[in-house]
file work.tsv (TSV, C-alpha atoms)
chain	number	residue	atom	x	y	z
A	1	MET	CA	-23.84	-31.03	-79.93
A	2	LYS	CA	-20.80	-29.24	-78.55
A	3	THR	CA	-21.88	-25.61	-78.79
A	4	GLN	CA	-20.89	-22.91	-76.34
A	5	SER	CA	-23.51	-20.60	-74.88
A	6	GLU	CA	-23.30	-17.33	-76.78
A	7	ILE	CA	-25.03	-14.95	-74.37
A	8	ASN	CA	-25.47	-14.40	-70.61
A	9	ILE	CA	-28.97	-13.52	-69.42
A	10	GLY	CA	-29.52	-12.52	-65.79
A	11	LEU	CA	-32.50	-13.47	-63.67
A	12	VAL	CA	-32.97	-10.71	-61.10
A	13	GLY	CA	-35.58	-9.52	-58.65
A	14	HIS	CA	-36.73	-9.54	-55.02
A	15	VAL	CA	-36.09	-12.53	-52.77
A	16	ASP	CA	-38.61	-15.39	-53.12
A	17	HIS	CA	-40.23	-14.03	-56.29
A	18	GLY	CA	-39.35	-17.21	-58.19
A	19	LYS	CA	-36.06	-16.59	-60.01
A	20	THR	CA	-34.56	-19.99	-59.26
A	21	THR	CA	-37.87	-21.74	-60.03
A	22	LEU	CA	-38.02	-19.90	-63.36
A	23	THR	CA	-34.42	-20.95	-64.11
A	24	LYS	CA	-35.47	-24.56	-63.49
A	25	ALA	CA	-38.57	-24.17	-65.70
A	26	LEU	CA	-36.37	-22.90	-68.52
A	27	SER	CA	-33.35	-25.15	-68.08
A	28	GLY	CA	-34.35	-28.10	-65.91
A	29	ILE	CA	-31.54	-27.17	-63.50
A	30	TRP	CA	-32.03	-26.16	-59.86
A	31	THR	CA	-29.19	-23.69	-59.28
A	32	ASP	CA	-29.36	-23.53	-55.47
A	33	THR	CA	-26.87	-26.30	-54.67
A	34	HIS	CA	-24.90	-24.82	-51.75
A	35	SER	CA	-25.82	-26.39	-48.40
A	36	GLU	CA	-26.92	-23.06	-46.89
A	37	GLU	CA	-29.08	-22.32	-49.96
A	38	THR	CA	-30.84	-25.66	-49.59
A	39	LYS	CA	-31.35	-25.13	-45.86
A	40	ARG	CA	-32.57	-21.52	-46.04
A	41	GLY	CA	-34.45	-21.74	-49.34
A	42	ILE	CA	-32.76	-18.68	-50.90
A	43	SER	CA	-29.96	-18.11	-53.41
A	44	ILE	CA	-26.68	-17.05	-51.79
A	45	ARG	CA	-24.15	-17.43	-54.59
A	46	LEU	CA	-24.52	-16.75	-58.29
A	47	GLY	CA	-26.25	-19.70	-59.95
A	48	TYR	CA	-25.56	-20.75	-63.52
A	49	ALA	CA	-27.57	-22.84	-65.96
A	50	ASP	CA	-26.92	-23.46	-69.67
A	51	ILE	CA	-29.86	-24.26	-71.91
A	52	THR	CA	-30.47	-24.60	-75.64
A	53	PHE	CA	-33.48	-22.76	-77.03
A	54	ARG	CA	-35.17	-24.77	-79.76
A	55	LYS	CA	-38.01	-24.33	-82.25
A	56	CYS	CA	-40.46	-26.80	-83.76
A	57	PRO	CA	-40.45	-26.49	-87.59
A	58	VAL	CA	-44.15	-27.40	-87.78
A	59	CYS	CA	-46.04	-25.70	-84.92
A	60	ASP	CA	-47.16	-22.07	-85.02
A	61	GLU	CA	-45.68	-19.33	-82.81
A	62	PRO	CA	-45.37	-19.06	-79.88
A	63	LYS	CA	-45.98	-22.72	-78.97
A	64	CYS	CA	-43.20	-23.76	-81.37
A	65	TYR	CA	-40.59	-22.43	-78.89
A	66	THR	CA	-39.25	-24.96	-76.42
A	67	THR	CA	-36.17	-26.44	-74.80
A	68	ALA	CA	-37.18	-30.04	-75.59
A	69	LEU	CA	-35.57	-32.19	-78.31
A	70	ILE	CA	-39.01	-33.47	-79.35
A	71	CYS	CA	-41.96	-31.07	-79.68
A	72	GLU	CA	-44.49	-31.78	-76.96
A	73	HIS	CA	-47.34	-30.71	-79.27
A	74	CYS	CA	-46.69	-32.56	-82.54
A	75	GLY	CA	-43.85	-34.98	-81.81
A	76	LYS	CA	-41.49	-33.56	-84.45
A	77	GLU	CA	-37.79	-33.14	-83.76
A	78	THR	CA	-37.00	-29.51	-82.88
A	79	GLU	CA	-34.27	-27.29	-84.35
A	80	THR	CA	-31.56	-25.50	-82.39
A	81	LEU	CA	-31.84	-21.69	-82.13
A	82	ARG	CA	-29.01	-20.81	-79.72
A	83	LYS	CA	-27.49	-21.82	-76.41
A	84	VAL	CA	-27.94	-19.42	-73.50
A	85	SER	CA	-26.33	-19.10	-70.07
A	86	PHE	CA	-28.65	-17.95	-67.29
A	87	VAL	CA	-27.14	-16.12	-64.32
A	88	ASP	CA	-29.44	-16.55	-61.31
A	89	ALA	CA	-28.66	-13.63	-58.96
A	90	PRO	CA	-29.60	-13.73	-55.25
A	91	GLY	CA	-32.45	-11.39	-54.32
A	92	HIS	CA	-31.83	-10.99	-50.59
A	93	GLU	CA	-30.85	-7.47	-49.53
A	94	THR	CA	-27.69	-8.70	-47.74
A	95	LEU	CA	-26.37	-10.18	-51.00
A	96	MET	CA	-26.47	-7.08	-53.21
A	97	ALA	CA	-22.70	-7.23	-53.81
A	98	THR	CA	-23.12	-10.72	-55.29
A	99	MET	CA	-25.92	-9.51	-57.55
A	100	LEU	CA	-23.78	-6.58	-58.78
A	101	SER	CA	-20.91	-8.96	-59.55
A	102	GLY	CA	-23.30	-11.07	-61.60
A	103	ALA	CA	-24.70	-8.02	-63.41
A	104	ALA	CA	-21.23	-7.34	-64.82
A	105	LEU	CA	-21.56	-10.58	-66.84
A	106	MET	CA	-25.10	-9.96	-68.13
A	107	ASP	CA	-25.86	-9.13	-71.78
A	108	GLY	CA	-29.55	-8.83	-70.94
A	109	ALA	CA	-31.84	-9.53	-68.01
A	110	VAL	CA	-35.19	-11.00	-67.01
A	111	LEU	CA	-36.69	-9.07	-64.07
A	112	VAL	CA	-38.93	-11.40	-62.07
A	113	ILE	CA	-41.81	-9.77	-60.14
A	114	ALA	CA	-44.31	-11.89	-58.16
A	115	ALA	CA	-47.97	-10.98	-58.71
A	116	ASN	CA	-48.94	-11.93	-55.14
A	117	GLU	CA	-47.03	-9.00	-53.57
A	118	PRO	CA	-47.34	-5.24	-54.12
A	119	CYS	CA	-44.87	-3.84	-56.66
A	120	PRO	CA	-42.22	-2.64	-56.19
A	121	GLN	CA	-40.66	-4.57	-53.34
A	122	PRO	CA	-37.35	-3.10	-52.05
A	123	GLN	CA	-34.97	-5.40	-53.94
A	124	THR	CA	-37.13	-5.29	-57.09
A	125	LYS	CA	-36.33	-1.60	-57.22
A	126	GLU	CA	-32.71	-2.08	-56.17
A	127	HIS	CA	-32.04	-4.72	-58.82
A	128	LEU	CA	-33.63	-2.63	-61.57
A	129	MET	CA	-31.50	0.36	-60.53
A	130	ALA	CA	-28.47	-1.95	-60.57
A	131	LEU	CA	-29.20	-2.92	-64.18
A	132	ASP	CA	-29.39	0.79	-65.03
A	133	VAL	CA	-26.14	1.51	-63.19
A	134	ILE	CA	-24.19	-1.39	-64.73
A	135	GLY	CA	-25.52	-0.51	-68.19
A	136	VAL	CA	-27.70	-3.55	-69.01
A	137	LYS	CA	-30.11	-2.30	-71.69
A	138	GLU	CA	-32.20	-5.28	-72.84
A	139	VAL	CA	-34.74	-6.25	-70.17
A	140	ILE	CA	-37.85	-8.44	-70.13
A	141	VAL	CA	-40.25	-8.40	-67.15
A	142	VAL	CA	-41.79	-11.66	-65.94
A	143	GLN	CA	-44.95	-11.31	-63.84
A	144	ASN	CA	-44.62	-14.58	-61.92
A	145	LYS	CA	-46.98	-16.57	-59.66
A	146	ILE	CA	-50.12	-15.66	-61.63
A	147	ASP	CA	-51.41	-19.15	-60.80
A	148	ILE	CA	-51.95	-18.21	-57.15
A	149	VAL	CA	-53.74	-14.86	-57.58
A	150	SER	CA	-57.15	-13.82	-58.87
A	151	ARG	CA	-57.64	-12.26	-62.30
A	152	GLU	CA	-58.33	-8.90	-60.63
A	153	ARG	CA	-55.06	-9.07	-58.66
A	154	ALA	CA	-53.14	-10.08	-61.79
A	155	VAL	CA	-54.45	-6.99	-63.64
A	156	GLU	CA	-53.71	-4.78	-60.63
A	157	SER	CA	-50.17	-6.20	-60.41
A	158	TYR	CA	-49.63	-5.56	-64.15
A	159	ASN	CA	-50.61	-1.91	-63.71
A	160	GLU	CA	-48.28	-1.58	-60.70
A	161	ILE	CA	-45.41	-2.95	-62.80
A	162	LYS	CA	-46.14	-0.56	-65.70
A	163	GLU	CA	-46.05	2.39	-63.31
A	164	PHE	CA	-42.91	1.15	-61.57
A	165	VAL	CA	-40.75	0.74	-64.71
A	166	LYS	CA	-41.44	4.24	-66.07
A	167	GLY	CA	-38.21	6.16	-66.62
A	168	THR	CA	-35.98	3.06	-66.32
A	169	CYS	CA	-34.20	0.73	-68.75
A	170	ALA	CA	-37.31	-1.50	-68.53
A	171	GLU	CA	-39.82	1.24	-69.45
A	172	ASP	CA	-40.66	-0.31	-72.82
A	173	ALA	CA	-39.97	-3.90	-71.77
A	174	PRO	CA	-42.66	-6.52	-72.46
A	175	ILE	CA	-44.40	-7.91	-69.35
A	176	ILE	CA	-45.08	-11.65	-69.56
A	177	PRO	CA	-47.47	-13.37	-67.11
A	178	VAL	CA	-45.87	-16.67	-66.08
A	179	ALA	CA	-46.48	-19.51	-63.61
A	180	ALA	CA	-42.92	-20.82	-63.26
A	181	GLN	CA	-44.00	-23.59	-60.87
A	182	GLN	CA	-46.31	-24.97	-63.59
A	183	SER	CA	-44.02	-24.03	-66.53
A	184	ALA	CA	-46.91	-22.00	-67.97
A	185	ASN	CA	-46.11	-19.45	-70.73
A	186	ILE	CA	-42.45	-20.52	-70.88
A	187	ASP	CA	-42.81	-20.82	-74.70
A	188	ILE	CA	-43.87	-17.15	-74.89
A	189	LEU	CA	-40.94	-16.13	-72.71
A	190	ILE	CA	-38.46	-18.01	-74.93
A	191	ASP	CA	-40.00	-16.35	-78.00
A	192	LEU	CA	-39.51	-12.88	-76.47
A	193	ILE	CA	-35.96	-13.59	-75.28
A	194	GLU	CA	-35.05	-14.71	-78.80
A	195	LYS	CA	-36.53	-11.57	-80.36
A	196	LYS	CA	-35.55	-8.93	-77.81
A	197	ILE	CA	-32.23	-9.98	-76.21
A	198	GLN	CA	-29.87	-10.31	-79.15
A	199	THR	CA	-26.35	-11.72	-78.95
A	200	PRO	CA	-24.00	-8.69	-78.84
A	201	GLU	CA	-21.13	-8.22	-81.26
A	202	ARG	CA	-18.08	-10.17	-80.07
A	203	HIS	CA	-14.40	-9.33	-80.67
A	204	LEU	CA	-12.50	-12.57	-81.31
A	205	ASP	CA	-9.41	-10.77	-82.60
A	206	LYS	CA	-8.71	-8.89	-79.33
A	207	PRO	CA	-6.53	-10.30	-76.53
A	208	SER	CA	-8.45	-12.72	-74.32
A	209	ARG	CA	-10.10	-11.31	-71.18
A	210	LEU	CA	-11.98	-13.45	-68.68
A	211	TYR	CA	-14.00	-11.97	-65.80
A	212	VAL	CA	-13.65	-14.51	-63.00
A	213	ALA	CA	-16.89	-14.92	-61.00
A	214	ARG	CA	-16.09	-18.19	-59.20
A	215	SER	CA	-13.00	-20.28	-58.40
A	216	PHE	CA	-12.83	-23.84	-57.11
A	217	ASP	CA	-10.73	-26.65	-55.73
A	218	ILE	CA	-12.42	-29.69	-57.29
A	219	ASN	CA	-10.30	-32.26	-55.44
A	220	LYS	CA	-12.13	-34.37	-52.88
A	221	PRO	CA	-10.78	-34.50	-49.32
A	222	GLY	CA	-8.30	-37.35	-48.93
A	223	SER	CA	-7.32	-37.47	-52.61
A	224	ASP	CA	-3.98	-39.12	-53.32
A	225	PRO	CA	-1.27	-36.53	-54.09
A	226	GLU	CA	-0.63	-37.99	-57.56
A	227	ASN	CA	-4.33	-37.58	-58.42
A	228	ILE	CA	-4.68	-33.94	-57.36
A	229	VAL	CA	-5.60	-31.57	-60.21
A	230	GLY	CA	-5.10	-27.82	-60.46
A	231	GLY	CA	-7.56	-25.09	-59.55
A	232	VAL	CA	-10.53	-24.13	-61.73
A	233	LEU	CA	-11.76	-20.65	-62.68
A	234	GLY	CA	-15.37	-19.94	-63.67
A	235	GLY	CA	-16.58	-16.82	-65.41
A	236	SER	CA	-17.27	-15.22	-68.75
A	237	LEU	CA	-14.93	-14.34	-71.60
A	238	VAL	CA	-15.76	-10.82	-72.78
A	239	GLN	CA	-13.33	-10.77	-75.70
A	240	GLY	CA	-10.78	-12.94	-77.48
A	241	VAL	CA	-10.38	-16.71	-77.48
A	242	LEU	CA	-8.96	-19.18	-74.94
A	243	LYS	CA	-7.48	-22.53	-76.00
A	244	VAL	CA	-6.22	-25.53	-74.08
A	245	GLY	CA	-2.46	-25.08	-73.66
A	246	ASP	CA	-2.59	-21.24	-73.62
A	247	GLU	CA	-0.67	-19.35	-70.97
A	248	ILE	CA	-2.77	-16.95	-68.91
A	249	GLU	CA	-2.08	-14.17	-66.43
A	250	ILE	CA	-4.43	-13.52	-63.50
A	251	LYS	CA	-4.66	-10.08	-61.89
A	252	PRO	CA	-4.58	-8.65	-59.22
A	253	GLY	CA	-3.14	-12.05	-58.23
A	254	ILE	CA	-1.97	-12.75	-54.69
A	255	GLN	CA	-0.71	-10.60	-51.84
A	256	VAL	CA	2.99	-11.02	-51.02
A	257	GLN	CA	5.48	-9.45	-48.63
A	258	LYS	CA	8.50	-8.00	-50.38
A	259	GLU	CA	11.28	-6.12	-48.57
A	260	GLY	CA	8.95	-5.38	-45.68
A	261	LYS	CA	6.22	-4.07	-47.98
A	262	THR	CA	2.93	-5.62	-49.00
A	263	THR	CA	2.47	-5.88	-52.75
A	264	TRP	CA	0.36	-7.82	-55.25
A	265	MET	CA	1.82	-10.31	-57.70
A	266	SER	CA	0.16	-11.65	-60.85
A	267	LEU	CA	-0.41	-15.38	-61.12
A	268	TYR	CA	0.58	-17.25	-64.27
A	269	SER	CA	-0.68	-20.63	-65.39
A	270	GLN	CA	-1.37	-22.87	-68.34
A	271	ILE	CA	-4.89	-23.84	-69.36
A	272	THR	CA	-5.23	-27.61	-68.94
A	273	GLY	CA	-8.92	-27.93	-69.81
A	274	LEU	CA	-11.99	-25.93	-70.87
A	275	ASN	CA	-15.70	-26.40	-70.34
A	276	GLY	CA	-18.26	-24.41	-72.31
A	277	GLY	CA	-22.00	-24.98	-72.21
A	278	GLY	CA	-21.58	-28.09	-70.10
A	279	GLU	CA	-19.26	-29.70	-72.68
A	280	VAL	CA	-15.52	-30.33	-72.60
A	281	VAL	CA	-14.06	-28.28	-75.45
A	282	ASP	CA	-10.64	-27.33	-76.84
A	283	GLU	CA	-11.46	-23.66	-77.37
A	284	VAL	CA	-13.91	-21.08	-76.02
A	285	GLY	CA	-14.91	-17.66	-77.29
A	286	PRO	CA	-16.85	-14.74	-75.80
A	287	GLY	CA	-20.34	-15.26	-74.42
A	288	GLY	CA	-21.77	-17.76	-72.02
A	289	LEU	CA	-20.21	-19.01	-68.82
A	290	VAL	CA	-17.06	-21.11	-69.05
A	291	GLY	CA	-14.88	-23.22	-66.77
A	292	VAL	CA	-11.11	-22.95	-67.10
A	293	ALA	CA	-8.96	-25.73	-65.60
A	294	THR	CA	-5.41	-24.64	-64.73
A	295	ASN	CA	-2.30	-26.06	-63.12
A	296	LEU	CA	-2.54	-23.54	-60.26
A	297	ASP	CA	-2.19	-24.84	-56.73
A	298	PRO	CA	-5.85	-25.57	-55.81
A	299	ALA	CA	-5.23	-23.84	-52.46
A	300	LEU	CA	-5.15	-20.57	-54.44
A	301	THR	CA	-8.56	-21.13	-56.05
A	302	LYS	CA	-10.60	-22.82	-53.32
A	303	ALA	CA	-13.73	-21.17	-51.88
A	304	ASP	CA	-13.95	-18.46	-54.59
A	305	SER	CA	-10.65	-16.94	-53.43
A	306	LEU	CA	-9.85	-15.71	-56.99
A	307	SER	CA	-13.38	-14.50	-57.80
A	308	GLY	CA	-13.26	-10.90	-58.98
A	309	SER	CA	-9.97	-11.42	-60.79
A	310	VAL	CA	-9.35	-10.78	-64.47
A	311	ALA	CA	-7.51	-13.41	-66.53
A	312	GLY	CA	-6.15	-13.33	-70.06
A	313	GLU	CA	-3.18	-13.27	-72.37
A	314	PRO	CA	-0.04	-12.30	-70.36
A	315	GLY	CA	0.96	-8.65	-70.69
A	316	THR	CA	-2.38	-7.50	-72.14
A	317	LEU	CA	-4.52	-7.05	-69.02
A	318	PRO	CA	-5.48	-3.63	-67.59
A	319	PRO	CA	-3.36	-2.23	-64.74
A	320	VAL	CA	-3.90	-3.07	-61.08
A	321	MET	CA	-5.32	0.02	-59.38
A	322	HIS	CA	-5.00	0.75	-55.66
A	323	GLN	CA	-6.84	4.08	-56.05
A	324	LEU	CA	-9.75	5.03	-58.29
A	325	ASP	CA	-10.20	8.55	-59.66
A	326	MET	CA	-13.66	8.83	-61.16
A	327	ASP	CA	-16.52	10.96	-62.36
A	328	VAL	CA	-19.41	10.30	-59.96
A	329	HIS	CA	-23.08	10.02	-60.97
A	330	LEU	CA	-25.44	9.64	-58.01
A	331	LEU	CA	-29.05	8.41	-57.94
A	332	GLU	CA	-31.67	10.82	-56.62
A	333	ARG	CA	-32.83	8.46	-53.86
A	334	VAL	CA	-31.45	5.49	-51.94
A	335	VAL	CA	-33.30	2.38	-53.16
A	336	GLY	CA	-33.73	-0.98	-51.48
A	337	THR	CA	-35.44	0.23	-48.30
A	338	LYS	CA	-39.09	0.84	-47.45
A	339	ASP	CA	-38.42	4.45	-46.41
A	340	GLU	CA	-36.34	5.85	-49.25
A	341	ARG	CA	-34.18	8.87	-48.53
A	342	ASP	CA	-32.34	11.36	-50.72
A	343	VAL	CA	-28.81	10.42	-51.76
A	344	GLU	CA	-26.46	12.86	-50.06
A	345	PRO	CA	-23.21	13.91	-51.77
A	346	ILE	CA	-20.18	11.71	-51.22
A	347	LYS	CA	-18.12	12.89	-48.23
A	348	ALA	CA	-14.39	12.72	-47.58
A	349	LYS	CA	-13.28	9.78	-45.39
A	350	GLU	CA	-16.52	7.85	-45.84
A	351	PRO	CA	-16.28	4.18	-46.86
A	352	LEU	CA	-17.92	3.00	-50.09
A	353	MET	CA	-18.49	-0.48	-51.49
A	354	ILE	CA	-17.28	-0.54	-55.07
A	355	ASN	CA	-18.10	-3.14	-57.74
A	356	VAL	CA	-15.74	-3.23	-60.71
A	357	GLY	CA	-16.54	-6.06	-63.13
A	358	THR	CA	-16.93	-9.11	-60.90
A	359	THR	CA	-14.79	-7.54	-58.14
A	360	THR	CA	-16.21	-6.23	-54.89
A	361	THR	CA	-13.96	-4.05	-52.74
A	362	ILE	CA	-14.21	-1.33	-50.09
A	363	GLY	CA	-12.67	2.11	-50.57
A	364	VAL	CA	-12.25	5.22	-48.45
A	365	VAL	CA	-12.98	8.57	-50.11
A	366	THR	CA	-9.98	10.92	-50.12
A	367	VAL	CA	-11.36	13.52	-52.53
A	368	ALA	CA	-15.14	14.10	-52.46
A	369	GLY	CA	-17.47	15.64	-55.03
A	370	ASN	CA	-18.43	14.92	-58.62
A	371	GLN	CA	-14.74	14.20	-59.28
A	372	ALA	CA	-13.89	11.78	-56.50
A	373	SER	CA	-10.86	9.72	-55.47
A	374	VAL	CA	-11.12	6.52	-53.45
A	375	VAL	CA	-8.28	4.52	-51.88
A	376	LEU	CA	-9.08	0.80	-52.09
A	377	LYS	CA	-8.57	-1.80	-49.39
A	378	LEU	CA	-8.26	-4.49	-52.07
A	379	PRO	CA	-6.90	-3.45	-55.48
A	380	VAL	CA	-8.78	-4.03	-58.73
A	381	CYS	CA	-7.78	-4.80	-62.30
A	382	ALA	CA	-9.57	-2.07	-64.25
A	383	GLU	CA	-9.12	0.47	-67.02
A	384	THR	CA	-10.00	4.05	-67.88
A	385	GLY	CA	-13.61	4.54	-68.93
A	386	GLN	CA	-14.88	1.48	-67.05
A	387	ARG	CA	-18.13	1.88	-65.12
A	388	VAL	CA	-18.21	0.97	-61.42
A	389	ALA	CA	-21.18	0.62	-59.03
A	390	LEU	CA	-21.07	2.64	-55.80
A	391	SER	CA	-22.85	1.62	-52.58
A	392	ARG	CA	-23.01	3.39	-49.21
A	393	ARG	CA	-23.57	2.01	-45.73
A	394	VAL	CA	-27.14	2.89	-44.74
A	395	GLY	CA	-28.02	1.40	-41.37
A	396	ALA	CA	-26.79	-2.18	-41.36
A	397	ARG	CA	-26.73	-2.63	-45.17
A	398	TRP	CA	-24.83	-1.45	-48.22
A	399	ARG	CA	-27.21	0.44	-50.50
A	400	LEU	CA	-26.66	1.31	-54.15
A	401	ILE	CA	-26.27	5.09	-54.54
A	402	GLY	CA	-24.91	5.52	-58.07
A	403	TYR	CA	-21.99	4.81	-60.35
A	404	GLY	CA	-18.59	6.17	-61.29
A	405	ILE	CA	-16.59	6.30	-64.53
A	406	ILE	CA	-12.86	5.63	-64.00
A	407	LYS	CA	-10.71	8.50	-65.25

call {"tool": "encode", "arguments": {"input": "work.tsv", "output": "structure tokens"}}
result
Amino acid sequence: MKTQSEINIGLVGHVDHGKTTLTKALSGIWTDTHSEETKRGISIRLGYADITFRKCPVCDEPKCYTTALICEHCGKETETLRKVSFVDAPGHETLMATMLSGAALMDGAVLVIAANEPCPQPQTKEHLMALDVIGVKEVIVVQNKIDIVSRERAVESYNEIKEFVKGTCAEDAPIIPVAAQQSANIDILIDLIEKKIQTPERHLDKPSRLYVARSFDINKPGSDPENIVGGVLGGSLVQGVLKVGDEIEIKPGIQVQKEGKTTWMSLYSQITGLNGGGEVVDEVGPGGLVGVATNLDPALTKADSLSGSVAGEPGTLPPVMHQLDMDVHLLERVVGTKDERDVEPIKAKEPLMINVGTTTTIGVVTVAGNQASVVLKLPVCAETGQRVALSRRVGARWRLIGYGIIK
């Protein structure tokens, strides 16, 4: 059944708490496919998995919820509820920028917390703050690895989680005990995702706008020139519709030298193919993760070189900004480290890491204070009123310190 995923749900949390294992339990797909991910046993890039949630028409709740075509309890054929894209974000502290890029695509999130470690761990806190900063409202907490702890530790872990989420976007979130390795309680989790994380209202009549999270050269080394195909963009359409044959503009584009000056030039291309929900389709709408085949030179798209771009109908995209003027909202404390410290005011000339949509760039503060200005090393395609995540260098790492609203 050629249906596009209609919602993006993030899987976030501390490194090695079971996000990728939970993705596999839900979808059957192991999202760590990069060679370094396989070698090191951690997620490095954003992982994606599309899955169809289904319901048995005979069995009682919650065991009626499944991802199988045939109910494992009664043998009846199950009915389709909706198709979902999972975004598996890396949990390692050095990969926070990647997680923030993924958060820009999330309509809701599942926060994974392992019961065999004290809560909160540094990146558990940092990821939850990131959801707050980016504006993700619908959150479900999964208490994972309950199969390897005692009942007493499971209850203690539950109480730690309840205390930890107070005052955050997950304060009233349900907490589901799960053993992802054994696929235990996955039916209950699907039930809660269906009830709590609703598909947001989509705007099909607006000009198309795709947040690009990945870009690829899918040609194999040594391919014959006549068989080479154009570059591919991967990301999520936040509004409008894309069809095969449409012309698209990609901003900020590429850096060019013009009359002795460095400038940025938009790229233009035609859509030659679309993939939504793992199916080849003629048209995609908002929601879910999509692949867009183009006739761009694959050298322009290889190795995620266009990730962070915005693509859409030519002439309708937001402007390319080389400087951001914004209202700044800082957290009270720096999260992500064992010894948390107060967040000091932003200072002139200090560098900040800035996440705008799926873009990550570095900027230098020229005007400090609650109304700040930042000159960017790499420009962004953004618009007034858009929320951006701000991170500061603390020791050897970038740490989330708050957010800004572009003026």

call {"tool": "residues_near_point", "arguments": {"input": "work.tsv", "point": "(-43.7, -20.1, -68.7)", "cutoff": "12 Å", "atoms": "only C-alpha atoms", "output": "number ranges by chain"}}
result
A: 18, 21-27, 62-63, 65-67, 112, 142-147, 176-192

call {"tool": "closest_atom_pairs", "arguments": {"input": "work.tsv", "of": "stretch 71-160 of chain A", "to": "stretch 277-286 of chain A", "cutoff": "9 Å", "atoms": "only C-alpha atoms", "output": "JSON lines"}}
result
{"residue": "A:Lys83", "atom": "CA", "partner": "A:Gly277", "partner_atom": "CA", "distance": 7.6}
{"residue": "A:Val84", "atom": "CA", "partner": "A:Gly277", "partner_atom": "CA", "distance": 8.2}
{"residue": "A:Ser85", "atom": "CA", "partner": "A:Gly277", "partner_atom": "CA", "distance": 7.6}

call {"tool": "axis_aligned_box", "arguments": {"input": "work.tsv", "around": "stretch 102-117 of chain A", "padding_each_side": "6 Å", "output": "JSON"}}
result
{"center_x": -35.1, "center_y": -9.6, "center_z": -62.7, "size_x": 39.7, "size_y": 16.6, "size_z": 30.2}

call {"tool": "closest_residue", "arguments": {"input": "work.tsv", "among": "A:Ala68, A:Cys169, A:Leu352, A:Met321", "to": "A:Lys125", "atoms": "all atoms listed in the file"}}
result
A:Cys169

call {"tool": "residues_around", "arguments": {"input": "work.tsv", "residues": "A:Leu69", "least_positions_apart": "5", "cutoff": "10 Å", "atoms": "all atoms listed in the file", "output": "MDAnalysis selection string"}}
result
chainID A and resid 52:56 75:80

call {"tool": "atom_distance", "arguments": {"input": "work.tsv", "atom1": "atom CA of A:Ile354", "atom2": "atom CA of A:Val388"}}
result
6.6 Å

call {"tool": "atom_distance", "arguments": {"input": "work.tsv", "atom1": "atom CA of A:Asn159", "atom2": "atom CA of A:Val133"}}
result
24.7 Å

call {"tool": "closest_residue", "arguments": {"input": "work.tsv", "among": "A:Ser391, A:Ser236, A:Gln121, A:Thr366", "to": "A:Gly276", "atoms": "all atoms listed in the file"}}
result
A:Ser236

call {"tool": "decode", "arguments": {"input": "work.tsv", "residues": "stretch 308-319 of chain A", "atoms": "N, CA and C atoms", "output": "CSV table (one decimal), in the first residue's frame"}}
result
chain,number,residue,atom,x,y,z
A,308,GLY,N,21.0,20.7,5.7
A,308,GLY,CA,20.8,22.0,6.2
A,308,GLY,C,20.2,23.0,5.3
A,309,SER,N,20.1,22.6,4.0
A,309,SER,CA,19.5,23.5,3.0
A,309,SER,C,18.0,23.5,3.2
A,310,VAL,N,17.3,24.5,2.5
A,310,VAL,CA,15.9,24.5,2.4
A,310,VAL,C,15.6,24.5,0.9
A,311,ALA,N,14.6,23.6,0.5
A,311,ALA,CA,14.3,23.5,-1.0
A,311,ALA,C,12.8,23.7,-1.1
A,312,GLY,N,12.4,24.2,-2.3
A,312,GLY,CA,11.0,24.4,-2.5
A,312,GLY,C,10.7,25.1,-3.8
A,313,GLU,N,9.5,25.6,-4.0
A,313,GLU,CA,9.1,26.3,-5.2
A,313,GLU,C,9.9,27.5,-5.4
A,314,PRO,N,10.6,27.7,-6.6
A,314,PRO,CA,11.4,28.8,-6.9
A,314,PRO,C,10.7,30.1,-6.6
A,315,GLY,N,11.5,31.0,-5.9
A,315,GLY,CA,11.0,32.4,-5.6
A,315,GLY,C,10.1,32.5,-4.4
A,316,THR,N,9.9,31.4,-3.7
A,316,THR,CA,9.0,31.4,-2.5
A,316,THR,C,9.8,31.2,-1.2
A,317,LEU,N,11.1,30.8,-1.3
A,317,LEU,CA,11.8,30.5,-0.1
A,317,LEU,C,12.2,31.7,0.8
A,318,PRO,N,12.4,31.5,2.1
A,318,PRO,CA,12.9,32.7,2.9
A,318,PRO,C,14.2,33.2,2.4
A,319,PRO,N,14.6,34.4,2.9
A,319,PRO,CA,15.9,35.0,2.4
A,319,PRO,C,17.1,34.2,3.0
